[in-house]
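Okay, start-v5.txt now, which holds compact mmCIF, C-alpha atoms:
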```txt
# COMPACT_ATOMS: atom_id res chain seq x y z
CA MET A 204 11.12 27.74 30.97
CA ASN A 205 12.50 25.04 33.22
CA THR A 206 16.29 25.27 33.21
CA SER A 207 17.00 22.89 36.07
CA PRO A 208 19.64 20.21 35.45
CA GLY A 209 18.26 17.16 33.67
CA ALA A 210 15.02 18.87 32.65
CA VAL A 211 13.66 17.97 29.21
CA PRO A 212 12.80 21.16 27.30
CA ARG A 213 9.20 21.37 26.16
CA ARG A 214 8.78 22.08 22.47
CA ASN A 215 6.09 24.20 20.93
CA PRO A 216 3.33 21.90 19.62
CA TRP A 217 3.07 23.99 16.45
CA ARG A 218 6.77 23.48 15.89
CA LEU A 219 6.34 19.75 16.37
CA LEU A 220 3.57 19.74 13.76
CA TYR A 221 5.70 21.78 11.37
CA ASP A 222 8.65 19.43 11.80
CA PHE A 223 6.36 16.42 11.32
CA TRP A 224 5.54 17.61 7.80
CA THR A 225 8.80 19.29 6.79
CA ARG A 226 11.80 17.88 8.65
CA PRO A 227 13.69 15.56 6.25
CA ILE A 228 13.65 11.85 7.03
CA ARG A 229 15.73 8.94 5.88
CA ALA A 230 14.73 7.29 2.63
CA GLU A 231 15.13 3.61 3.58
CA PRO A 232 11.53 2.96 4.82
CA LEU A 233 10.06 4.44 1.64
CA ALA A 234 12.43 2.38 -0.51
CA LEU A 235 11.50 -0.77 1.40
CA PHE A 236 7.82 0.05 0.93
CA ARG A 237 8.35 0.50 -2.83
CA ILE A 238 10.07 -2.88 -3.11
CA LEU A 239 7.55 -4.77 -0.98
CA ILE A 240 4.45 -3.32 -2.63
CA GLY A 241 6.02 -3.91 -6.03
CA VAL A 242 6.62 -7.58 -5.26
CA VAL A 243 3.11 -8.08 -3.88
CA THR A 244 1.52 -6.26 -6.82
CA LEU A 245 3.52 -8.33 -9.29
CA LEU A 246 2.54 -11.60 -7.62
CA SER A 247 -1.09 -10.51 -7.54
CA LEU A 248 -1.06 -9.71 -11.25
CA LEU A 249 0.62 -12.97 -12.26
CA THR A 250 -1.45 -15.28 -10.06
CA SER A 251 -4.84 -13.58 -9.81
CA LEU A 252 -5.56 -11.15 -12.63
CA GLY A 253 -3.40 -12.45 -15.47
CA PRO A 254 -4.81 -15.99 -15.69
CA ARG A 255 -8.37 -14.60 -15.85
CA LEU A 256 -7.88 -12.19 -18.75
CA PRO A 257 -8.71 -14.61 -21.60
CA LEU A 258 -11.86 -15.67 -19.74
CA ASP A 259 -13.12 -12.25 -18.68
CA LEU A 260 -12.18 -9.87 -21.50
CA GLY A 261 -13.22 -9.67 -25.12
CA PRO A 262 -16.65 -9.30 -26.78
CA ASP A 263 -17.66 -12.79 -25.62
CA GLY A 264 -15.96 -12.68 -22.22
CA LEU A 265 -17.64 -13.07 -18.87
CA CYS A 266 -17.18 -9.34 -18.18
CA PRO A 267 -18.13 -7.38 -21.34
CA GLY A 268 -16.71 -3.88 -21.27
CA ARG A 269 -19.90 -2.14 -22.35
CA ALA A 270 -21.61 -3.37 -19.18
CA MET A 271 -19.37 -1.05 -17.14
CA ASP A 272 -19.50 2.07 -19.33
CA GLY A 273 -22.52 3.65 -17.64
CA TRP A 274 -21.20 3.05 -14.14
CA GLN A 275 -17.77 4.45 -14.99
CA LYS A 276 -19.28 7.55 -16.57
CA ARG A 277 -21.55 8.22 -13.58
CA SER A 278 -18.93 7.51 -10.92
CA GLY A 279 -16.16 9.61 -12.49
CA ARG A 280 -13.77 6.67 -12.79
CA PHE A 281 -11.43 6.32 -15.75
CA CYS A 282 -10.42 3.11 -17.50
CA LEU A 283 -7.91 3.24 -20.33
CA LEU A 284 -9.31 -0.02 -21.65
CA ARG A 285 -12.66 1.70 -22.34
CA GLY A 286 -11.42 4.78 -24.16
CA PRO A 287 -11.14 8.36 -22.92
CA VAL A 288 -13.94 8.06 -20.35
CA ASN A 289 -13.60 10.75 -17.66
CA LEU A 290 -10.17 11.81 -18.94
CA PRO A 291 -9.87 15.60 -19.04
CA LEU A 292 -9.85 17.11 -22.54
CA LEU A 293 -9.74 13.73 -24.29
CA ASP A 294 -13.23 12.83 -23.13
CA GLU A 295 -14.61 16.12 -24.44
CA PHE A 296 -12.70 16.77 -27.63
CA LEU A 297 -11.71 13.37 -29.03
CA PRO A 298 -14.04 12.47 -31.93
CA ALA A 299 -16.57 9.76 -31.23
CA GLU A 300 -15.16 7.60 -34.03
CA SER A 301 -11.68 7.72 -32.51
CA ALA A 302 -13.02 6.89 -29.07
CA GLN A 303 -14.89 3.90 -30.48
CA GLU A 304 -11.75 2.68 -32.26
CA TRP A 305 -9.90 3.00 -28.95
CA ARG A 306 -12.51 0.81 -27.18
CA THR A 307 -12.59 -1.70 -30.03
CA TRP A 308 -8.81 -2.06 -29.98
CA CYS A 309 -8.76 -2.67 -26.22
CA ASP A 310 -11.65 -5.15 -26.44
CA ALA A 311 -9.46 -7.55 -28.40
CA PRO A 312 -8.02 -10.04 -25.89
CA ARG A 313 -4.65 -9.97 -27.65
CA ASN A 314 -4.34 -6.21 -27.29
CA ALA A 315 -5.47 -6.35 -23.66
CA ALA A 316 -2.75 -8.93 -23.10
CA TRP A 317 -0.19 -6.52 -24.53
CA LEU A 318 -1.35 -3.81 -22.14
CA PHE A 319 -1.18 -6.30 -19.29
CA GLY A 320 2.42 -7.03 -20.28
CA VAL A 321 3.21 -3.31 -20.17
CA LEU A 322 1.67 -3.18 -16.69
CA VAL A 323 3.82 -6.08 -15.48
CA ALA A 324 6.95 -4.50 -16.97
CA ALA A 325 6.16 -1.16 -15.32
CA VAL A 326 5.70 -2.82 -11.91
CA VAL A 327 9.02 -4.66 -12.33
CA CYS A 328 10.82 -1.41 -13.23
CA MET A 329 9.23 0.37 -10.28
CA THR A 330 10.27 -2.41 -7.92
CA PHE A 331 13.88 -2.28 -9.06
CA GLY A 332 13.80 1.51 -9.18
CA LEU A 333 14.50 1.93 -12.90
CA GLY A 334 12.87 5.11 -14.14
CA THR A 335 11.02 5.03 -10.85
CA ARG A 336 8.73 8.00 -11.37
CA ILE A 337 7.71 7.18 -14.96
CA SER A 338 7.31 3.45 -14.31
CA THR A 339 5.13 4.23 -11.27
CA VAL A 340 2.88 6.50 -13.34
CA VAL A 341 2.44 3.78 -15.99
CA ALA A 342 1.88 1.08 -13.35
CA TRP A 343 -0.72 3.15 -11.52
CA ALA A 344 -2.67 4.15 -14.66
CA LEU A 345 -2.84 0.60 -16.04
CA PHE A 346 -3.44 -1.05 -12.65
CA VAL A 347 -6.39 1.27 -12.04
CA SER A 348 -7.67 0.61 -15.58
CA PHE A 349 -7.66 -3.16 -15.18
CA ASN A 350 -9.26 -2.80 -11.73
CA GLN A 351 -12.06 -0.62 -13.11
CA ARG A 352 -12.49 -2.95 -16.07
CA LEU A 353 -12.99 -5.94 -13.77
CA PRO A 354 -14.27 -4.43 -10.50
CA TRP A 355 -16.25 -7.47 -9.38
CA VAL A 356 -13.14 -9.68 -9.18
CA GLN A 357 -11.22 -7.24 -6.97
CA ASN A 358 -10.88 -7.21 -3.18
CA GLY A 359 -9.42 -5.12 -0.38
CA GLY A 360 -5.89 -6.05 -1.38
CA ASP A 361 -6.35 -4.39 -4.76
CA SER A 362 -7.57 -1.24 -3.01
CA MET A 363 -4.45 -1.14 -0.83
CA MET A 364 -2.23 -1.63 -3.88
CA ARG A 365 -4.03 1.10 -5.83
CA CYS A 366 -3.58 3.53 -2.93
CA ALA A 367 0.08 2.61 -2.61
CA LEU A 368 0.79 3.21 -6.30
CA PHE A 369 -1.04 6.53 -6.16
CA TYR A 370 0.98 7.83 -3.21
CA LEU A 371 4.22 6.63 -4.80
CA LEU A 372 3.50 8.98 -7.71
CA PHE A 373 4.42 11.89 -5.45
CA ALA A 374 7.16 10.29 -3.35
CA PRO A 375 10.92 10.16 -4.04
CA ALA A 376 10.73 6.39 -3.94
CA GLY A 377 13.91 5.85 -5.96
CA ALA A 378 16.18 7.90 -3.73
CA VAL A 379 17.93 4.78 -2.38
CA TRP A 380 17.99 1.06 -3.09
CA SER A 381 17.22 1.59 -6.75
CA LEU A 382 18.89 1.37 -10.12
CA ASP A 383 18.19 5.08 -10.50
CA SER A 384 20.38 5.85 -7.50
CA VAL A 385 23.16 3.66 -8.90
CA LEU A 386 23.04 5.47 -12.23
CA ARG A 387 23.05 8.85 -10.49
CA ARG A 388 26.07 7.88 -8.43
CA ARG A 389 27.98 6.83 -11.52
CA ARG A 390 27.06 10.05 -13.30
CA ASP A 391 27.78 12.41 -10.41
CA ALA A 392 30.83 12.58 -8.20
CA PRO A 393 30.16 10.57 -5.03
CA GLY A 394 29.77 12.61 -1.89
CA ALA A 395 30.27 11.77 1.73
CA ALA A 396 28.88 8.53 3.10
CA ILE A 397 25.80 9.97 4.80
CA PRO A 398 22.15 8.94 4.93
CA VAL A 399 19.97 10.07 2.05
CA LEU A 400 17.25 12.37 3.35
CA ILE A 401 13.93 13.05 1.64
CA ALA A 402 10.96 15.33 2.13
CA PRO A 403 8.66 13.67 4.69
CA TRP A 404 5.19 14.72 3.55
CA PRO A 405 4.49 11.82 1.12
CA VAL A 406 5.45 9.31 3.81
CA ARG A 407 3.35 11.17 6.39
CA LEU A 408 0.32 11.03 4.10
CA MET A 409 0.74 7.28 3.70
CA GLN A 410 1.13 6.79 7.44
CA ILE A 411 -2.08 8.73 8.05
CA GLN A 412 -3.83 6.76 5.32
CA LEU A 413 -3.02 3.46 7.01
CA ALA A 414 -4.12 4.78 10.40
CA LEU A 415 -7.43 5.99 8.97
CA VAL A 416 -8.04 2.65 7.25
CA TYR A 417 -7.85 0.91 10.60
CA LEU A 418 -9.80 3.60 12.46
CA PHE A 419 -12.77 3.68 10.11
CA THR A 420 -12.76 -0.11 9.80
CA GLY A 421 -13.14 -0.27 13.56
CA ILE A 422 -15.82 2.44 13.63
CA SER A 423 -17.81 0.61 10.96
CA LYS A 424 -17.98 -2.41 13.27
CA ILE A 425 -19.81 -0.41 15.95
CA PRO A 426 -23.19 0.66 14.51
CA ASP A 427 -25.66 2.87 16.34
CA GLY A 428 -27.40 -0.08 17.93
CA LEU A 429 -24.82 -1.85 20.06
CA LEU A 430 -27.20 -4.58 21.21
CA GLY A 431 -26.89 -7.59 18.99
CA ASN A 432 -23.65 -6.40 17.39
CA ASP A 433 -21.38 -9.39 16.81
CA TRP A 434 -18.16 -7.47 17.41
CA VAL A 435 -19.31 -5.92 20.66
CA SER A 436 -20.76 -9.19 21.92
CA GLY A 437 -17.59 -11.02 20.86
CA GLU A 438 -19.24 -13.48 18.47
CA ALA A 439 -17.93 -12.02 15.19
CA VAL A 440 -14.84 -14.22 14.89
CA TYR A 441 -16.94 -17.30 15.66
CA TRP A 442 -19.24 -16.58 12.74
CA VAL A 443 -16.31 -15.78 10.46
CA LEU A 444 -14.69 -19.10 11.31
CA ASN A 445 -17.94 -20.85 10.37
CA ASP A 446 -18.29 -19.08 7.00
CA MET A 447 -17.19 -21.66 4.43
CA SER A 448 -17.19 -19.05 1.66
CA LEU A 449 -14.20 -17.37 3.34
CA ASN A 450 -12.22 -20.05 5.17
CA ARG A 451 -9.57 -22.43 3.90
CA TRP A 452 -10.82 -25.29 6.09
CA PRO A 453 -14.08 -26.05 7.95
CA TYR A 454 -14.55 -24.96 11.53
CA TYR A 455 -14.93 -28.50 12.90
CA TRP A 456 -11.35 -29.33 11.84
CA LEU A 457 -10.02 -26.91 14.46
CA PRO A 458 -12.88 -25.64 16.62
CA ALA A 459 -12.01 -22.59 18.70
CA PRO A 460 -13.72 -22.18 22.10
CA MET A 461 -16.18 -19.30 22.32
CA LEU A 462 -13.97 -17.62 24.93
CA VAL A 463 -11.11 -17.53 22.42
CA CYS A 464 -13.45 -16.20 19.73
CA ARG A 465 -14.61 -13.43 22.06
CA PHE A 466 -11.03 -12.51 22.94
CA LEU A 467 -10.08 -12.36 19.24
CA SER A 468 -13.17 -10.31 18.37
CA TRP A 469 -12.61 -7.74 21.11
CA GLY A 470 -8.87 -7.70 20.45
CA THR A 471 -9.40 -7.00 16.76
CA LEU A 472 -11.83 -4.19 17.55
CA ALA A 473 -9.48 -2.65 20.13
CA PHE A 474 -6.54 -2.88 17.72
CA GLU A 475 -8.37 -1.16 14.87
CA LEU A 476 -9.74 1.62 17.06
CA GLY A 477 -6.48 2.16 18.94
CA PHE A 478 -3.94 1.88 16.11
CA ALA A 479 -4.20 5.50 14.97
CA PHE A 480 -3.96 6.90 18.50
CA VAL A 481 -0.94 4.82 19.49
CA MET A 482 0.90 5.61 16.26
CA ALA A 483 0.17 9.32 16.77
CA MET A 484 2.12 9.33 20.05
CA PRO A 485 5.63 10.73 19.59
CA PRO A 486 8.11 8.05 20.72
CA ARG A 487 9.78 10.17 23.38
CA SER A 488 9.68 7.55 26.13
CA ARG A 489 10.45 3.87 26.25
CA PHE A 490 6.85 3.15 27.25
CA VAL A 491 5.48 4.76 24.07
CA SER A 492 8.10 3.00 21.96
CA VAL A 493 7.09 -0.34 23.47
CA MET A 494 3.42 0.42 22.82
CA ARG A 495 4.10 1.30 19.19
CA SER A 496 6.20 -1.83 18.68
CA GLY A 497 3.53 -3.94 20.34
CA MET A 498 0.85 -2.46 18.12
CA LEU A 499 2.86 -3.22 14.99
CA LEU A 500 3.55 -6.79 16.11
CA THR A 501 -0.14 -7.24 16.89
CA GLY A 502 -1.00 -6.07 13.40
CA VAL A 503 1.49 -8.48 11.87
CA ALA A 504 0.02 -11.37 13.87
CA LEU A 505 -3.53 -10.32 12.91
CA HIS A 506 -2.80 -10.20 9.20
CA LEU A 507 -0.78 -13.40 9.21
CA GLY A 508 -3.70 -15.13 10.89
CA ILE A 509 -6.08 -13.77 8.27
CA LEU A 510 -3.72 -14.87 5.50
CA VAL A 511 -3.37 -18.41 6.83
CA HIS A 512 -7.04 -19.04 7.58
CA THR A 513 -9.17 -16.78 5.38
CA GLU A 514 -9.56 -16.44 1.61
CA VAL A 515 -9.36 -12.67 1.14
CA GLY A 516 -6.93 -12.45 -1.76
CA TRP A 517 -3.83 -10.33 -1.31
CA PHE A 518 -5.29 -8.07 1.37
CA SER A 519 -2.99 -9.12 4.21
CA PRO A 520 0.32 -9.03 2.27
CA ALA A 521 -0.60 -5.68 0.68
CA THR A 522 -1.50 -4.17 4.05
CA LEU A 523 1.64 -5.43 5.76
CA CYS A 524 3.74 -3.66 3.12
CA TRP A 525 2.52 -0.35 4.57
CA TYR A 526 4.07 -1.21 7.93
CA ALA A 527 7.50 -0.46 6.47
CA LEU A 528 6.55 3.23 6.47
CA LEU A 529 6.16 3.17 10.26
CA LEU A 530 9.72 2.00 10.86
CA SER A 531 12.65 4.33 11.38
CA GLY A 532 15.33 4.48 8.74
CA GLU A 533 17.95 3.31 11.21
CA LYS A 534 15.83 0.33 12.21
CA VAL A 535 15.26 -0.64 8.59
CA ARG A 536 18.97 -0.46 7.86
CA LYS A 537 20.00 -2.49 10.92
CA CYS A 538 17.23 -5.08 11.14
CA ILE A 539 15.93 -5.67 7.63
CA PHE A 540 18.56 -4.87 5.02
CA ARG A 541 22.26 -5.44 5.60
CA TRP A 542 23.23 -4.79 2.01
CA THR A 543 21.94 -2.43 -0.67
CA PHE A 544 23.02 -1.85 -4.22
CA SER A 545 26.24 -0.18 -3.12
CA ARG A 546 28.64 0.05 -0.20
CA ASP A 547 30.94 2.77 0.95
CA PRO A 548 34.66 2.00 1.30
CA LYS A 549 34.09 0.84 4.88
CA GLY A 550 31.58 -1.77 3.74
CA SER A 551 28.41 -0.29 5.23
CA ALA A 552 25.17 -0.59 3.26
CA TRP A 553 24.95 3.07 2.33
CA GLU A 554 24.21 5.28 -0.57
CA THR A 555 27.16 7.64 -0.79
CA ARG A 556 25.03 10.60 -1.70
CA SER A 557 24.28 13.98 -0.25
CA PRO A 558 20.71 14.59 0.96
CA SER A 559 18.68 15.30 -2.16
CA GLY A 560 15.41 13.41 -2.12
CA ARG A 561 15.53 12.86 -5.86
CA GLY A 562 13.83 9.73 -7.09
```

Turn this file's structure into structure tokens for me.
Amino acid sequence: MNTSPGAVPRRNPWRLLYDFWTRPIRAEPLALFRILIGVVTLLSLLTSLGPRLPLDLGPDGLCPGRAMDGWQKRSGRFCLLRGPVNLPLLDEFLPAESAQEWRTWCDAPRNAAWLFGVLVAAVVCMTFGLGTRISTVVAWALFVSFNQRLPWVQNGGDSMMRCALFYLLFAPAGAVWSLDSVLRRRRDAPGAAIPVLIAPWPVRLMQIQLALVYLFTGISKIPDGLLGNDWVSGEAVYWVLNDMSLNRWPYYWLPAPMLVCRFLSWGTLAFELGFAFVMAMPPRSRFVSVMRSGMLLTGVALHLGILVHTEVGWFSPATLCWYALLLSGEKVRKCIFRWTFSRDPKGSAWETRSPSGRG
């Protein structure tokens, strides 16, 4: 072991891995993620899915429920709007007459609207952190059900929101910046003004999920035959800009030179392939910290560009919500939120709670 003055002790890599999964972390990034994904999900429901329900659902709707029953049964997906399909125990033991009554009740547009209202209320409660765990369970189950009921009107943004709600089922998302934390503080005696720490593994899983999304998206753009591949040749962005089924305005309004299109194509490919590797580097040096910050800023610029120019639903806002999980708790507190639901006597935006991870 190097004991010379100024030497940085080398840590056991197994210990680093153990700490990565077990060492408590601050709860602010997870709370910010809960709030952001809740807002985006709510806006998506009210502007995209909600207005379509009277047109798509019902016996005479554009998307009859019975058309999806076979696919749901074969694929193992559940949909509460179609009865107990693929639900353990209920699917096997509920009488056929009761299951049919369940489907008939949900087929009525009025009843589906009631369920949609419950979904919206659950997302609102989750966002504000009221009954965080229960409201997240309800939001996830109904969001998945409406997605599986109308799969052909969904996009990548809905997939990112479904994944987010699923991971939040297991995370102490209401530990801070929530009505739950306010109620707990009123019920219990306040402790010292210290950061609230939570178990890290749910956040680590979500960080890995985001990294894998980018990695496999990049890999999918490099097929076995590299010759003629639009991403490798640098022509992909040019063809995307000329696709009027995706863009908000025609290419000739703002034509981009082919050199710019090639740079954007190669840059996108490099970003998606390199994101996971850069984020996996422990930020021990300023160089790595700068690389991580640069990668995050590149991702923000990429998704903002997609949002401004391309019609892909809520994909970009939903994906950017996940970036909150890659920020440190101290950075979130200093740079994003100056005030939370409570302040300590000195006026800092803190939860005056001992480390518990409840939520």

Item to complete: State, in Å with one decimal place, the distance from CA of Pro405 (chain A) to CA of Lys537 (chain A).
Response: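 The value is 23.3 Å.
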
Please, which residues in region 237-321 of chain A fall within 12 Å of region 371-374 of chain A when counting all atoms listed in the file, and what is the closest atom pair and distance in Å to one decimal for each, ordered by chain then residue number, as a Markdown table?
```
| residue | atom | partner | partner_atom | distance |
| --- | --- | --- | --- | --- |
| A:Arg237 | CA | A:Leu371 | CA | 7.6 |
| A:Ile238 | CA | A:Leu371 | CA | 11.3 |
| A:Ile240 | CA | A:Leu371 | CA | 10.2 |
| A:Gly241 | CA | A:Leu371 | CA | 10.8 |
```

Worksheet item: Which of these, A:Leu353, A:Val503, A:Ala234, A:Ala483, has the shortest distance to Leu220 (chain A) once you count all atoms listed in the file?
Response: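 Closest to Leu220 (chain A) of all the choices is A:Ala483.
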
Item to complete: Go ahead and compute the interatomic distance for CA of Ala378 (chain A) and CA of Trp517 (chain A), in Å to one decimal.
Response: 27.2 Å

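Take CA of Leu413 (chain A) and CA of Phe281 (chain A): the distance between them is 24.4 Å.
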
Response to the item:
Across A:Val535, A:Met409, A:Met364, A:Leu449, the smallest distance to Leu510 (chain A), with all atoms listed in the file counted, is shown by A:Leu449

Fill in: Counting only C-alpha atoms, the residue of A:Trp274, A:Glu438, A:Lys424, A:Ala376 that sits nearest Thr330 (chain A)
A:Ala376

Worksheet, complete the sentence: Among A:Asn289, A:Asn215, A:Asn358, A:Thr244, Phe346 (chain A) is approached most closely, using all atoms listed in the file, by A:Thr244

Worksheet item: Using only C-alpha atoms, can you list as a ChimeraX atom specification the residues within 8 Å of (6.5, 3.8, 2.7)?
Response: /A:232-237,406,409-410,524-529

Store the residues of this selection in a file with C-alpha atoms, as a PDB file, in the coordinates of the input.
```pdb
ATOM      1  CA  PRO A 232      11.530   2.960   4.820  1.00  0.00           C
ATOM      2  CA  LEU A 233      10.060   4.440   1.640  1.00  0.00           C
ATOM      3  CA  ALA A 234      12.430   2.380  -0.510  1.00  0.00           C
ATOM      4  CA  LEU A 235      11.500  -0.770   1.400  1.00  0.00           C
ATOM      5  CA  PHE A 236       7.820   0.050   0.930  1.00  0.00           C
ATOM      6  CA  ARG A 237       8.350   0.500  -2.830  1.00  0.00           C
ATOM      7  CA  VAL A 406       5.450   9.310   3.810  1.00  0.00           C
ATOM      8  CA  MET A 409       0.740   7.280   3.700  1.00  0.00           C
ATOM      9  CA  GLN A 410       1.130   6.790   7.440  1.00  0.00           C
ATOM     10  CA  CYS A 524       3.740  -3.660   3.120  1.00  0.00           C
ATOM     11  CA  TRP A 525       2.520  -0.350   4.570  1.00  0.00           C
ATOM     12  CA  TYR A 526       4.070  -1.210   7.930  1.00  0.00           C
ATOM     13  CA  ALA A 527       7.500  -0.460   6.470  1.00  0.00           C
ATOM     14  CA  LEU A 528       6.550   3.230   6.470  1.00  0.00           C
ATOM     15  CA  LEU A 529       6.160   3.170  10.260  1.00  0.00           C
TER      16      LEU A 529
END
```

Spatial neighbours of Ile509 (chain A), 12 Å, only C-alpha atoms, chain gap at least 2 places, as a PDB file with C-alpha atoms, in the coordinates of the input:
```pdb
ATOM      1  CA  VAL A 440     -14.840 -14.220  14.890  1.00  0.00           C
ATOM      2  CA  VAL A 443     -16.310 -15.780  10.460  1.00  0.00           C
ATOM      3  CA  LEU A 444     -14.690 -19.100  11.310  1.00  0.00           C
ATOM      4  CA  LEU A 449     -14.200 -17.370   3.340  1.00  0.00           C
ATOM      5  CA  ASN A 450     -12.220 -20.050   5.170  1.00  0.00           C
ATOM      6  CA  ARG A 451      -9.570 -22.430   3.900  1.00  0.00           C
ATOM      7  CA  LEU A 467     -10.080 -12.360  19.240  1.00  0.00           C
ATOM      8  CA  THR A 471      -9.400  -7.000  16.760  1.00  0.00           C
ATOM      9  CA  GLY A 502      -1.000  -6.070  13.400  1.00  0.00           C
ATOM     10  CA  VAL A 503       1.490  -8.480  11.870  1.00  0.00           C
ATOM     11  CA  ALA A 504       0.020 -11.370  13.870  1.00  0.00           C
ATOM     12  CA  LEU A 505      -3.530 -10.320  12.910  1.00  0.00           C
ATOM     13  CA  HIS A 506      -2.800 -10.200   9.200  1.00  0.00           C
ATOM     14  CA  LEU A 507      -0.780 -13.400   9.210  1.00  0.00           C
ATOM     15  CA  VAL A 511      -3.370 -18.410   6.830  1.00  0.00           C
ATOM     16  CA  HIS A 512      -7.040 -19.040   7.580  1.00  0.00           C
ATOM     17  CA  THR A 513      -9.170 -16.780   5.380  1.00  0.00           C
ATOM     18  CA  GLU A 514      -9.560 -16.440   1.610  1.00  0.00           C
ATOM     19  CA  VAL A 515      -9.360 -12.670   1.140  1.00  0.00           C
ATOM     20  CA  GLY A 516      -6.930 -12.450  -1.760  1.00  0.00           C
ATOM     21  CA  TRP A 517      -3.830 -10.330  -1.310  1.00  0.00           C
ATOM     22  CA  PHE A 518      -5.290  -8.070   1.370  1.00  0.00           C
ATOM     23  CA  SER A 519      -2.990  -9.120   4.210  1.00  0.00           C
ATOM     24  CA  PRO A 520       0.320  -9.030   2.270  1.00  0.00           C
ATOM     25  CA  THR A 522      -1.500  -4.170   4.050  1.00  0.00           C
ATOM     26  CA  LEU A 523       1.640  -5.430   5.760  1.00  0.00           C
TER      27      LEU A 523
END
```

Worksheet item: Pick the closest to Leu408 (chain A) from A:Leu256, A:Glu231, A:Gly261, A:Phe223: which is it, counting only C-alpha atoms?
Response: A:Phe223

Practice prompt. Might you pull out every residue within 6 Å of region 332-339 of chain A, with all atoms listed in the file counted and same-chain residues fewer than 4 positions away left off, and present them as a list in words?
Written response: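 Near region 332-339 of chain A, the qualifying residues are Ala325, Cys328, Trp343, Gly377, Ser381, Leu382 and Asp383 of chain A.
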
Practice prompt. Considering all atoms listed in the file, state which residue in the set A:Leu248, A:Arg352, A:Met494, A:Ala342 is at the smallest distance from Arg285 (chain A).
Written response: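 Closest to Arg285 (chain A), using all atoms listed in the file: A:Arg352.
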
Please provide as a CSV table (one decimal) with C-alpha atoms, in the frame of the given file all residues within 9 Å of Ile228 (chain A), with the sequence filter that same-chain residues fewer than 4 positions apart are discarded (counting all atoms listed in the file).
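out-v9.csv was written with the following content:
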```csv
chain,number,residue,atom,x,y,z
A,399,VAL,CA,20.0,10.1,2.0
A,400,LEU,CA,17.2,12.4,3.4
A,401,ILE,CA,13.9,13.0,1.6
A,402,ALA,CA,11.0,15.3,2.1
A,403,PRO,CA,8.7,13.7,4.7
A,531,SER,CA,12.6,4.3,11.4
A,532,GLY,CA,15.3,4.5,8.7
```
